[in-house]
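S.K.: target-v5.txt is reproduced in full below (compact mmCIF, C-alpha atoms and all ligand atoms).
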# COMPACT_ATOMS: atom_id res chain seq x y z
CA MET A 1 8.37 15.92 -12.05
CA ALA A 2 5.29 13.87 -12.76
CA SER A 3 3.85 14.41 -9.30
CA ALA A 4 4.11 18.16 -9.76
CA LEU A 5 1.79 17.98 -12.74
CA GLN A 6 -1.17 16.26 -11.21
CA ASN A 7 -2.65 15.04 -8.01
CA LEU A 8 -2.55 11.31 -8.63
CA SER A 9 -4.98 10.65 -5.79
CA ARG A 10 -7.80 12.05 -7.95
CA TYR A 11 -8.89 8.98 -9.83
CA ASP A 12 -11.97 8.05 -11.83
CA GLU A 13 -14.12 6.31 -9.22
CA THR A 14 -16.43 4.92 -11.88
CA ASN A 15 -13.55 3.04 -13.48
CA ILE A 16 -12.54 0.97 -10.45
CA PRO A 17 -13.59 -2.69 -10.12
CA ASP A 18 -16.24 -3.58 -7.55
CA ALA A 19 -14.54 -4.65 -4.30
CA ARG A 20 -17.68 -5.95 -2.57
CA ASP A 21 -16.51 -9.53 -2.51
CA MET A 22 -12.86 -8.78 -1.71
CA ARG A 23 -10.82 -9.12 1.46
CA PHE A 24 -7.78 -6.93 2.10
CA GLY A 25 -4.92 -6.88 4.56
CA ILE A 26 -3.18 -3.66 5.59
CA VAL A 27 0.19 -3.62 7.37
CA VAL A 28 1.09 -0.26 8.92
CA ALA A 29 4.53 0.72 10.23
CA GLU A 30 4.52 2.69 13.50
CA TRP A 31 7.61 4.75 12.68
CA ASN A 32 6.54 8.29 11.61
CA HIS A 33 3.07 7.32 12.76
CA HIS A 34 1.52 10.76 12.09
CA ILE A 35 2.30 10.12 8.41
CA THR A 36 1.52 6.40 8.28
CA HIS A 37 -1.74 6.91 10.17
CA ALA A 38 -2.90 9.49 7.59
CA LEU A 39 -1.97 7.09 4.79
CA TYR A 40 -3.79 4.24 6.54
CA GLU A 41 -6.97 6.27 7.11
CA ALA A 42 -7.17 7.25 3.45
CA CYS A 43 -6.40 3.71 2.32
CA ALA A 44 -9.03 2.07 4.54
CA GLN A 45 -11.64 4.71 3.61
CA THR A 46 -11.02 4.09 -0.09
CA LEU A 47 -11.37 0.32 0.32
CA ASP A 48 -14.59 0.89 2.30
CA LYS A 49 -15.92 3.28 -0.34
CA HIS A 50 -15.56 0.59 -2.98
CA GLY A 51 -17.35 -1.93 -0.80
CA ALA A 52 -14.50 -4.10 0.54
CA ARG A 53 -15.96 -7.08 2.37
CA GLU A 54 -13.23 -7.29 5.01
CA ILE A 55 -10.14 -5.34 6.03
CA VAL A 56 -7.64 -6.94 8.41
CA THR A 57 -5.11 -4.47 9.81
CA ILE A 58 -1.93 -5.07 11.80
CA GLN A 59 0.78 -2.71 12.99
CA VAL A 60 4.49 -3.49 12.86
CA PRO A 61 7.30 -1.50 14.54
CA GLY A 62 8.99 -0.10 11.41
CA SER A 63 8.95 -0.34 7.64
CA PHE A 64 11.66 -3.01 7.70
CA GLU A 65 9.07 -5.31 9.32
CA LEU A 66 6.43 -4.72 6.61
CA PRO A 67 7.29 -7.81 4.50
CA THR A 68 7.20 -10.02 7.61
CA GLY A 69 3.88 -8.54 8.66
CA ALA A 70 2.46 -9.08 5.17
CA THR A 71 3.71 -12.69 5.22
CA LEU A 72 1.98 -13.34 8.55
CA LEU A 73 -1.28 -11.84 7.23
CA ILE A 74 -1.22 -13.91 4.05
CA HIS A 75 -0.56 -17.14 5.96
CA ASN A 76 -3.28 -16.51 8.54
CA HIS A 77 -6.08 -14.99 6.42
CA LYS A 78 -7.54 -15.59 3.00
CA LEU A 79 -6.88 -12.24 1.33
CA ASP A 80 -7.26 -10.86 -2.19
CA ALA A 81 -4.46 -8.31 -1.70
CA VAL A 82 -2.26 -6.79 0.98
CA ILE A 83 -1.15 -3.16 1.28
CA CYS A 84 2.06 -2.24 3.11
CA ILE A 85 2.14 1.29 4.51
CA GLY A 86 5.26 3.00 5.80
CA CYS A 87 7.34 6.15 5.70
CA VAL A 88 11.13 6.06 5.64
CA ILE A 89 12.59 9.55 5.90
CA LYS A 90 16.15 10.08 4.69
CA GLY A 91 18.53 10.89 7.53
CA GLU A 92 22.23 11.62 7.93
CA THR A 93 23.16 7.99 7.30
CA SER A 94 22.16 5.55 4.58
CA HIS A 95 19.72 3.56 6.76
CA ASN A 96 16.86 4.61 4.50
CA GLU A 97 18.42 2.92 1.46
CA TYR A 98 18.88 -0.39 3.29
CA ILE A 99 15.30 -0.30 4.60
CA ASN A 100 13.72 0.77 1.31
CA TYR A 101 15.52 -1.85 -0.78
CA ALA A 102 14.76 -4.58 1.76
CA VAL A 103 11.08 -3.65 1.83
CA ALA A 104 10.76 -3.36 -1.95
CA ASN A 105 12.55 -6.67 -2.52
CA GLY A 106 10.67 -8.40 0.31
CA ILE A 107 7.28 -7.29 -0.95
CA THR A 108 8.07 -8.23 -4.53
CA SER A 109 9.29 -11.72 -3.57
CA LEU A 110 6.31 -12.31 -1.32
CA ALA A 111 3.79 -11.41 -4.01
CA ILE A 112 5.50 -13.62 -6.57
CA GLN A 113 5.81 -16.58 -4.19
CA THR A 114 2.28 -16.44 -2.78
CA HIS A 115 0.42 -15.11 -5.85
CA VAL A 116 -1.22 -12.55 -3.58
CA PRO A 117 -0.79 -8.96 -4.82
CA VAL A 118 1.19 -6.92 -2.28
CA VAL A 119 1.17 -3.16 -2.74
CA PHE A 120 4.10 -0.84 -1.94
CA GLY A 121 2.52 2.01 0.01
CA VAL A 122 5.78 3.28 1.43
CA LEU A 123 6.83 6.92 1.21
CA THR A 124 10.59 7.43 0.76
CA PRO A 125 10.96 11.21 1.21
CA ASP A 126 14.05 13.33 1.79
CA ASN A 127 12.29 15.19 4.60
CA GLU A 128 9.07 15.35 6.60
CA GLN A 129 7.47 18.03 4.43
CA GLN A 130 7.73 15.81 1.35
CA ALA A 131 5.96 13.10 3.34
CA LEU A 132 3.19 15.46 4.51
CA ASP A 133 2.69 16.62 0.92
CA ARG A 134 1.89 13.00 -0.01
CA ALA A 135 -0.14 12.06 3.06
CA GLY A 136 -3.10 14.38 2.52
CA GLY A 137 -1.17 17.47 1.37
CA LYS A 138 -0.60 19.12 -1.99
CA TYR A 139 0.16 15.86 -3.82
CA GLY A 140 -2.87 14.05 -2.45
CA ASN A 141 -2.73 10.95 -0.32
CA LYS A 142 -0.74 7.93 -1.49
CA GLY A 143 -2.93 5.75 0.76
CA VAL A 144 -5.77 6.29 -1.71
CA GLU A 145 -3.57 5.21 -4.61
CA ALA A 146 -2.38 2.13 -2.72
CA ALA A 147 -5.99 1.10 -2.12
CA VAL A 148 -6.96 1.60 -5.77
CA THR A 149 -3.92 -0.42 -6.87
CA ALA A 150 -4.86 -3.24 -4.49
CA ILE A 151 -8.43 -3.37 -5.80
CA ARG A 152 -7.25 -3.36 -9.41
CA MET A 153 -4.66 -6.09 -8.83
CA ALA A 154 -7.17 -8.24 -6.93
CA ALA A 155 -9.61 -7.86 -9.82
CA ILE A 156 -6.93 -8.81 -12.36
CA LYS A 157 -6.12 -11.94 -10.38
CA ARG A 158 -9.80 -12.89 -10.20
CA SER A 159 -10.40 -12.26 -13.89
CA LEU A 160 -7.55 -14.63 -14.80
CA SER A 161 -8.78 -17.41 -12.51
CA ALA A 162 -12.38 -17.20 -13.78
CA PRO A 163 -12.86 -19.94 -16.40
CA GLY A 164 -13.38 -18.84 -19.99
CA ARG A 165 -12.78 -15.17 -19.44
CA ILE A 166 -10.18 -13.22 -21.37
CA MET A 167 -9.35 -9.65 -20.53
CA GLY A 168 -9.66 -7.28 -23.46
CA PHE A 169 -8.61 -3.69 -24.09
N1 LIG B 201 11.47 2.75 10.14
C1 LIG B 201 10.59 3.46 9.39
O1 LIG B 201 9.51 2.97 9.07
N2 LIG B 201 10.90 4.74 8.99
C2 LIG B 201 12.09 5.33 9.27
O2 LIG B 201 12.30 6.49 8.87
C3 LIG B 201 13.03 4.59 10.04
N3 LIG B 201 14.25 5.13 10.33
C4 LIG B 201 15.16 4.37 10.97
C5 LIG B 201 16.44 4.88 11.22
C6 LIG B 201 17.40 4.10 11.84
C7 LIG B 201 18.78 4.65 12.05
C8 LIG B 201 17.07 2.79 12.27
C9 LIG B 201 18.11 1.91 12.96
C10 LIG B 201 15.82 2.29 12.09
C11 LIG B 201 14.84 3.06 11.44
N4 LIG B 201 13.55 2.57 11.21
C12 LIG B 201 12.67 3.29 10.48
C13 LIG B 201 13.12 1.29 11.83
C14 LIG B 201 13.27 0.07 10.94
O3 LIG B 201 12.28 0.05 9.93
C15 LIG B 201 13.11 -1.22 11.81
O4 LIG B 201 11.89 -1.17 12.50
C16 LIG B 201 14.25 -1.41 12.81
O5 LIG B 201 15.50 -1.32 12.18
C17 LIG B 201 14.14 -2.79 13.51
O6 LIG B 201 14.23 -3.86 12.56
Translate the structure of the given file into structure tokens.
M.R.:
Amino acid sequence: MASALQNLSRYDETNIPDARDMRFGIVVAEWNHHITHALYEACAQTLDKHGAREIVTIQVPGSFELPTGATLLIHNHKLDAVICIGCVIKGETSHNEYINYAVANGITSLAIQTHVPVVFGVLTPDNEQQALDRAGGKYGNKGVEAAVTAIRMAAIKRSLSAPGRIMGF
């Protein structure tokens, strides 16, 4: 398993674009709030650390409402990227599959339609321990990775809209 090999939350801070002029939205699901709160804290701290100009946060009842929350944020604020944070724990029924697919599809469609990067910061664990391991536990904190992804996507969007600039490798 890739996540068993490395803590992906340890990233090269010097290799992240400057976020000083960027505005971010964060949508946090209240379900499994002890997990989503830990993800949110790490996400917001990472955005702050890289100088984010503004962070607008809203809470929604559950992960299923994340795409709607992100839509409302995008239509009411000028944002460079939005991060959706949730935790859908597998139960005895298949509710988790319906929620996860709906959220993934909703977020993808929203980003494509609005041209605003929307980041999938949703844990989809089999049990609570797997979630804790990824919310500040042995596999780091996926909130950090969601923030880094948002900054990088916002920077990519800006680099493409800046006249005369071509991204090189
Ligand atoms: N929302 C979550 O964010 N995480 C969950 O683990 C979760 N489990 C749910 C289990 C069931 C059986 C149901 C009906 C809902 C669950 N929800 C969960 C809430 C869901 O995302 C949404 O808020 C509600 O279905 C209302 O649209």
S.K.: Just the residues within 8 Å of Ala131 of chain A, please, counting all atoms listed in the file, with nothing from its chain fewer than 4 positions along; format it as a VMD selection string.
M.R.: chain A and resid 35 87 89 123 to 125 127 135
S.K.: Restricting it to C-alpha atoms, dump the selection as a PDB file, in the coordinates of the input.
M.R.:
ATOM      1  CA  ILE A  35       2.300  10.120   8.410  1.00  0.00           C
ATOM      2  CA  CYS A  87       7.340   6.150   5.700  1.00  0.00           C
ATOM      3  CA  ILE A  89      12.590   9.550   5.900  1.00  0.00           C
ATOM      4  CA  LEU A 123       6.830   6.920   1.210  1.00  0.00           C
ATOM      5  CA  THR A 124      10.590   7.430   0.760  1.00  0.00           C
ATOM      6  CA  PRO A 125      10.960  11.210   1.210  1.00  0.00           C
ATOM      7  CA  ASN A 127      12.290  15.190   4.600  1.00  0.00           C
ATOM      8  CA  ALA A 135      -0.140  12.060   3.060  1.00  0.00           C
TER       9      ALA A 135
END
S.K.: List as number ranges by chain the protein and nucleic acid residues lying within 12 Å of ligand LIG 201 (chain B), with all atoms listed in the file counted.
M.R.: A: 27-37, 59-69, 84-103, 121-128, 131
S.K.: Could the residues in this selection be written to a file with C-alpha atoms, as a tab-separated table (two decimals), in the coordinates of the input?
M.R.:
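Now in result.tsv:
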chain	number	residue	atom	x	y	z
A	27	VAL	CA	0.19	-3.62	7.37
A	28	VAL	CA	1.09	-0.26	8.92
A	29	ALA	CA	4.53	0.72	10.23
A	30	GLU	CA	4.52	2.69	13.50
A	31	TRP	CA	7.61	4.75	12.68
A	32	ASN	CA	6.54	8.29	11.61
A	33	HIS	CA	3.07	7.32	12.76
A	34	HIS	CA	1.52	10.76	12.09
A	35	ILE	CA	2.30	10.12	8.41
A	36	THR	CA	1.52	6.40	8.28
A	37	HIS	CA	-1.74	6.91	10.17
A	59	GLN	CA	0.78	-2.71	12.99
A	60	VAL	CA	4.49	-3.49	12.86
A	61	PRO	CA	7.30	-1.50	14.54
A	62	GLY	CA	8.99	-0.10	11.41
A	63	SER	CA	8.95	-0.34	7.64
A	64	PHE	CA	11.66	-3.01	7.70
A	65	GLU	CA	9.07	-5.31	9.32
A	66	LEU	CA	6.43	-4.72	6.61
A	67	PRO	CA	7.29	-7.81	4.50
A	68	THR	CA	7.20	-10.02	7.61
A	69	GLY	CA	3.88	-8.54	8.66
A	84	CYS	CA	2.06	-2.24	3.11
A	85	ILE	CA	2.14	1.29	4.51
A	86	GLY	CA	5.26	3.00	5.80
A	87	CYS	CA	7.34	6.15	5.70
A	88	VAL	CA	11.13	6.06	5.64
A	89	ILE	CA	12.59	9.55	5.90
A	90	LYS	CA	16.15	10.08	4.69
A	91	GLY	CA	18.53	10.89	7.53
A	92	GLU	CA	22.23	11.62	7.93
A	93	THR	CA	23.16	7.99	7.30
A	94	SER	CA	22.16	5.55	4.58
A	95	HIS	CA	19.72	3.56	6.76
A	96	ASN	CA	16.86	4.61	4.50
A	97	GLU	CA	18.42	2.92	1.46
A	98	TYR	CA	18.88	-0.39	3.29
A	99	ILE	CA	15.30	-0.30	4.60
A	100	ASN	CA	13.72	0.77	1.31
A	101	TYR	CA	15.52	-1.85	-0.78
A	102	ALA	CA	14.76	-4.58	1.76
A	103	VAL	CA	11.08	-3.65	1.83
A	121	GLY	CA	2.52	2.01	0.01
A	122	VAL	CA	5.78	3.28	1.43
A	123	LEU	CA	6.83	6.92	1.21
A	124	THR	CA	10.59	7.43	0.76
A	125	PRO	CA	10.96	11.21	1.21
A	126	ASP	CA	14.05	13.33	1.79
A	127	ASN	CA	12.29	15.19	4.60
A	128	GLU	CA	9.07	15.35	6.60
A	131	ALA	CA	5.96	13.10	3.34
S.K.: With distances taken over only C-alpha atoms, which residue among A:Thr149, A:Gln129, A:Thr46, A:Asn15 lies nearest Asp80 of chain A?
M.R.: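 Ranked by minimum distance to Asp80 of chain A, first place goes to A:Thr149.
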S.K.: Rank A:Gln45, A:Ser9, A:Thr108, A:Thr114 by their smallest atom-to-atom distance to Leu79 of chain A, using only C-alpha atoms, and report the top residue only.
M.R.: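 Of A:Gln45, A:Ser9, A:Thr108, A:Thr114, the one nearest Leu79 of chain A, counting only C-alpha atoms, is A:Thr114.
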S.K.: Which distance in Å separates atom CA of Val116 of chain A and atom CA of Ala154 of chain A, to one decimal?
M.R.: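 Between atom CA of Val116 of chain A and atom CA of Ala154 of chain A the gap works out to 8.1 Å.
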S.K.: Work out how far apart atom CA of Ala155 of chain A and atom CA of Ala38 of chain A are and give it in Å to one decimal.
M.R.: 25.5 Å
S.K.: Just give me the gap between atom CA of Leu160 of chain A and atom CA of Asp21 of chain A in Å, one decimal is fine.
M.R.: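 Answer for the atom CA of Leu160 of chain A to atom CA of Asp21 of chain A separation: 16.0 Å.
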S.K.: Write out as lines of an AutoDock Vina configuration file an axis-aligned box for segment 106-123 of chain A: all of its atoms listed in the file, 5 Å added on each side, centre and edge lengths in Å with one decimal.
M.R.:
center_x = 4.7
center_y = -4.8
center_z = -2.6
size_x = 21.9
size_y = 33.5
size_z = 18.0
S.K.: Write out as JSON, numbers by chain the residues lying within 10 Å of Glu13 of chain A, counting all atoms listed in the file and excluding same-chain residues fewer than 2 positions away.
M.R.: {"A": [10, 11, 15, 16, 17, 46, 49, 50, 148]}
S.K.: For Tyr40 of chain A, which residue out of A:Val119, A:Ile83, A:Ala150, A:Leu72 is the nearest one, using all atoms listed in the file?
M.R.: A:Ile83
S.K.: Write out as a VMD selection string the residues lying within 7 Å of Arg53 of chain A, counting all atoms listed in the file and excluding same-chain residues fewer than 2 positions away.
M.R.: chain A and resid 20 to 23 51
S.K.: Okay, now the selection with C-alpha atoms, as an mmCIF file, keeping the file's coordinate frame?
M.R.:
data_model
loop_
_atom_site.group_PDB
_atom_site.id
_atom_site.type_symbol
_atom_site.label_atom_id
_atom_site.label_comp_id
_atom_site.auth_asym_id
_atom_site.auth_seq_id
_atom_site.Cartn_x
_atom_site.Cartn_y
_atom_site.Cartn_z
ATOM 1 C CA ARG A 20 -17.680 -5.950 -2.570
ATOM 2 C CA ASP A 21 -16.510 -9.530 -2.510
ATOM 3 C CA MET A 22 -12.860 -8.780 -1.710
ATOM 4 C CA ARG A 23 -10.820 -9.120 1.460
ATOM 5 C CA GLY A 51 -17.350 -1.930 -0.800
#
S.K.: When distances are computed from all atoms listed in the file, which of A:Ile112, A:Ile26, A:Lys78, A:Val56 shows the smallest separation from Leu39 of chain A?
M.R.: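 Going through A:Ile112, A:Ile26, A:Lys78, A:Val56 one by one, the smallest distance to Leu39 of chain A is for A:Ile26.
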S.K.: Write out as a PDB file with C-alpha atoms, keeping the file's coordinate frame each polymer residue whose atoms come within 8 Å of Ala44 of chain A, counting all atoms listed in the file; drop sequence neighbours fewer than 3 positions from it.
M.R.:
ATOM      1  CA  TYR A  40      -3.790   4.240   6.540  1.00  0.00           C
ATOM      2  CA  GLU A  41      -6.970   6.270   7.110  1.00  0.00           C
ATOM      3  CA  LEU A  47     -11.370   0.320   0.320  1.00  0.00           C
ATOM      4  CA  ASP A  48     -14.590   0.890   2.300  1.00  0.00           C
ATOM      5  CA  ILE A  55     -10.140  -5.340   6.030  1.00  0.00           C
ATOM      6  CA  ALA A 147      -5.990   1.100  -2.120  1.00  0.00           C
TER       7      ALA A 147
END
S.K.: Between A:Ala42, A:Asp18, A:Asn76, A:Glu54, which has the minimum distance to Met153 of chain A (counting all atoms listed in the file)?
M.R.: A:Asp18
S.K.: Which is closer to His75 of chain A than all the others in A:Ala162, A:Leu110, A:Ala52, A:Ala104, using all atoms listed in the file?
M.R.: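 Ranked by minimum distance to His75 of chain A, first place goes to A:Leu110.
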